[in-house]
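Visitor: Got a structure here, written out as structure tokens. Questions coming.
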Amino acid sequence: MLSFAIYAVLLLPGIVGRVRGHASIWHPSMYGFNVTDKTFPYDNRPVAPLMNYTFDQWWFHGHLDYPPNPGDFFELPAGQIATAEITCHKGATTWFNSSEGGDIRQGDSPCPNSPTSAYHTTGFDDLKGCALAIAYESDVTKIQPQDFTVFSVNQTCVWTRFTDFAVPARMPPCPEGGCHCAWFWIHSADSGGEQNYMTGFKCNVTGSTSTVPLAKPQLPRRCGADPDFGKPEAVPGNCTYGAKQPFYWFQAERNNMFEGTYAPPFYTDLYNFKDGAQNDIFVDSYAEIPPPSPNSTVVPVLQQPQATGSSVPLPAPTSGPTDQVPFGTPPGRCSACYDSKRRSASNLQRRSLSARWLGRSGTKQRTFSLWHPF
């Protein structure tokens with residue numbers, strides 16, 4: 001069974017002299033799986049953060065010329081959990097044997113022998129989530145940013161090596177040749193610079209029981225409680241409901257988010273991204289969606305019941321990463337992910353990703369761009 005690993009990269013002493021943090025998804029199905037810091041004239045490993053880049057540089061991390069081998073797919077089991085690895089270096093993932101640093105795995109730790117700042121957080125309460133998005137297109141050259149729909153969110157990412165993503169039960173099958181997916185992450189403003197992370201990969205939905213297509217994804221809107229910017233209460237009438245695009249932020253071109261330096265967009269309730277499977281992304285999810293507005297008190301009514309029974313919710317995470325996987329846990333398996341009733345190896349797919357941390361120097365005033373409609 002294929003495994004997926006998201007990992008936050010720490011350049012450990014012995015690999016490189018100074019410590020930096022990164023994160024990305026690692027799996028043979030990804031674009032740039034074997035890209036190293038020597039492949040490009042600049043560090044463009046999958047773990048390197050994307051900031052102020054041209055479209056060709058940030059789109060699919062500039063790795064379109066480094067595709068996966070034919071037949072390599074990350075499987076998305078409809079109504080089940082796909083598990084990803086989040087670590088600090090490719091050597092800390094299942095695929096350590098193809099890394100330049102060898103095996104540095106340390107159980108469920110995302111960044112072996114490193115502080116939480118290596119994966120851009122001051123602690124558990126400072127986590128801002130990450131997301132998986134999908135485009136129902138097998139030809140990567142035809143995909144545009146607005147084609148991706150976020151289908152799963154983990155609001156406590158990046159925190160452990162093994163990270164769960166709940167897949168909506170009504171996901172339709174992919175076309176012949178498969179789909180394309182991407183992992184997205186924007187970390188807390190309190191632990192690093194204005195960085196984006198995107199890693200694209202080939203994916204395939206398995207166990208589909210529905211052919212209802214996804215709705216056209218819309219731009220997310222900042223509508224949740226935002227006390228840091230004088231908004232203590234959420235404004236549900238200002239949210240985007242249904243299918244939503246990922247965030248494309250702080251690049252030189254093709255942004256869809258224009259928030260200020262220290263008001264990044266996050267994959268949390270702040271933008272109406274609920275934790276777990278995004279079950280309202282289908283064309284029949286709502287009969288009607290009223291236009292969002294800062295003064296609106298009207299919210300749409302979900303027409304199609306959110307999947308019950310077959311859709312596995314995400315478990316409550318622990319407040320600290322563990323250093324090792326308990327005895328009896330299958331290799332590449334997160335033991336703390338679900339209760340025993342949900343443990344089915346056939347329902348779990350693991351994958352791997354990578355990201356990079358840059359410390360920010362000096363202090364700046366917190367700002368929020370009014371270019372974005374709240």
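Each chain in the structure tokens gets a letter, A, B, ..., in the order shown, and its residues are numbered from 1; ligands are numbered from 1 in order too.
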Could I get the residues of segment 177-284 of chain A with an atom no further than 8 Å from an atom of segment 30-40 of chain A, each paired with its nearest atom pair and that distance in Å to one decimal, using only C-alpha atoms, sorted by chain and residue number, as JSON lines?

Guide:
{"residue": "A:Thr199", "atom": "CA", "partner": "A:Met30", "partner_atom": "CA", "distance": 7.2}
{"residue": "A:Gly200", "atom": "CA", "partner": "A:Met30", "partner_atom": "CA", "distance": 5.8}
{"residue": "A:Phe201", "atom": "CA", "partner": "A:Met30", "partner_atom": "CA", "distance": 3.8}
{"residue": "A:Lys202", "atom": "CA", "partner": "A:Met30", "partner_atom": "CA", "distance": 6.3}

Visitor: Create the file for the chosen residues now, containing C-alpha atoms and written as a compact mmCIF listing (two decimals), in the first residue's frame.

Guide:
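The result, written out as out.txt:
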# COMPACT_ATOMS: atom_id res chain seq x y z
CA THR A 199 3.58 20.37 -3.24
CA GLY A 200 1.69 18.79 -6.13
CA PHE A 201 1.20 15.08 -6.67
CA LYS A 202 -0.78 12.55 -8.69

Visitor: For each of A:Pro28, A:Pro265, A:Gly101, A:Pro68, take the minimum atom-to-atom distance to Gln195 of chain A, counting only C-alpha atoms, then give the residue where this is smallest.

Guide: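 Nearest to Gln195 of chain A: A:Pro265.
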
Visitor: Counting only C-alpha atoms, which of A:Ala182, A:Ile143, A:Cys174, A:Leu127 gets nearest to Thr156 of chain A?

Guide: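 Using only C-alpha atoms, the shortest distance to Thr156 of chain A belongs to A:Leu127.
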
Visitor: Could you check which of A:Thr268, A:Ser293, A:Asn204, A:Ser210 is closest to Lys128 of chain A, using only C-alpha atoms?

Guide: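 Among the listed residues, A:Thr268 lies closest to Lys128 of chain A.
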
Visitor: Taking only C-alpha atoms into account, which of A:Trp59, A:Phe273, A:Phe151, A:Phe165 comes nearest Asn196 of chain A?

Guide: A:Trp59

Visitor: Please identify all polymer residues within 7 Å of Leu219 of chain A, counting only C-alpha atoms, omitting same-chain residues fewer than 2 positions from it, and present them as a PyMOL selection string.

Guide: chain A and resi 217+221+244-245

Visitor: Would you write out those residues with all heavy atoms, as a PDB file, in the first residue's frame?

Guide:
ATOM      1  N   PRO A 217     -14.990  25.907  -7.299  1.00  0.00           N
ATOM      2  CA  PRO A 217     -14.476  26.486  -6.047  1.00  0.00           C
ATOM      3  C   PRO A 217     -14.440  28.011  -6.100  1.00  0.00           C
ATOM      4  O   PRO A 217     -14.092  28.605  -7.112  1.00  0.00           O
ATOM      5  CB  PRO A 217     -13.072  25.893  -5.929  1.00  0.00           C
ATOM      6  CG  PRO A 217     -12.661  25.611  -7.347  1.00  0.00           C
ATOM      7  CD  PRO A 217     -13.920  25.219  -8.063  1.00  0.00           C
ATOM      8  N   ARG A 221     -13.231  33.535   2.311  1.00  0.00           N
ATOM      9  CA  ARG A 221     -13.351  34.870   2.895  1.00  0.00           C
ATOM     10  C   ARG A 221     -13.045  34.809   4.385  1.00  0.00           C
ATOM     11  O   ARG A 221     -13.404  33.848   5.069  1.00  0.00           O
ATOM     12  CB  ARG A 221     -14.762  35.430   2.678  1.00  0.00           C
ATOM     13  CG  ARG A 221     -15.080  35.750   1.230  1.00  0.00           C
ATOM     14  CD  ARG A 221     -16.548  36.077   1.051  1.00  0.00           C
ATOM     15  NE  ARG A 221     -16.939  37.285   1.763  1.00  0.00           N
ATOM     16  CZ  ARG A 221     -16.955  38.506   1.222  1.00  0.00           C
ATOM     17  NH1 ARG A 221     -16.566  38.674  -0.042  1.00  0.00           N
ATOM     18  NH2 ARG A 221     -17.357  39.544   1.929  1.00  0.00           N
ATOM     19  N   LYS A 244     -14.167  25.603  -1.997  1.00  0.00           N
ATOM     20  CA  LYS A 244     -13.286  26.765  -1.869  1.00  0.00           C
ATOM     21  C   LYS A 244     -11.911  26.460  -2.461  1.00  0.00           C
ATOM     22  O   LYS A 244     -11.412  25.339  -2.381  1.00  0.00           O
ATOM     23  CB  LYS A 244     -13.151  27.154  -0.386  1.00  0.00           C
ATOM     24  CG  LYS A 244     -14.447  27.692   0.210  1.00  0.00           C
ATOM     25  CD  LYS A 244     -14.257  28.161   1.642  1.00  0.00           C
ATOM     26  CE  LYS A 244     -14.211  27.036   2.642  1.00  0.00           C
ATOM     27  NZ  LYS A 244     -15.506  26.309   2.742  1.00  0.00           N
ATOM     28  N   GLN A 245     -11.310  27.509  -3.017  1.00  0.00           N
ATOM     29  CA  GLN A 245      -9.957  27.395  -3.548  1.00  0.00           C
ATOM     30  C   GLN A 245      -8.937  27.401  -2.412  1.00  0.00           C
ATOM     31  O   GLN A 245      -9.213  27.902  -1.319  1.00  0.00           O
ATOM     32  CB  GLN A 245      -9.660  28.566  -4.488  1.00  0.00           C
ATOM     33  CG  GLN A 245     -10.518  28.648  -5.720  1.00  0.00           C
ATOM     34  CD  GLN A 245     -10.211  29.881  -6.554  1.00  0.00           C
ATOM     35  OE1 GLN A 245      -9.110  30.440  -6.479  1.00  0.00           O
ATOM     36  NE2 GLN A 245     -11.180  30.320  -7.351  1.00  0.00           N
TER      37      GLN A 245
END

Visitor: Based on the backbone DSSP call, show me all residues of segment 10-184 of chain A assigned helix (DSSP H, G or I), as a PyMOL selection string.

Guide: chain A and resi 55-62+90-92+96-98+116-119+124-126+140-142+145-147

Visitor: Using only C-alpha atoms, pick whichever of A:Thr163, A:Ser208, A:Ser99, A:Ser152 has the shortest atom-to-atom distance to Ala243 of chain A.

Guide: A:Ser152
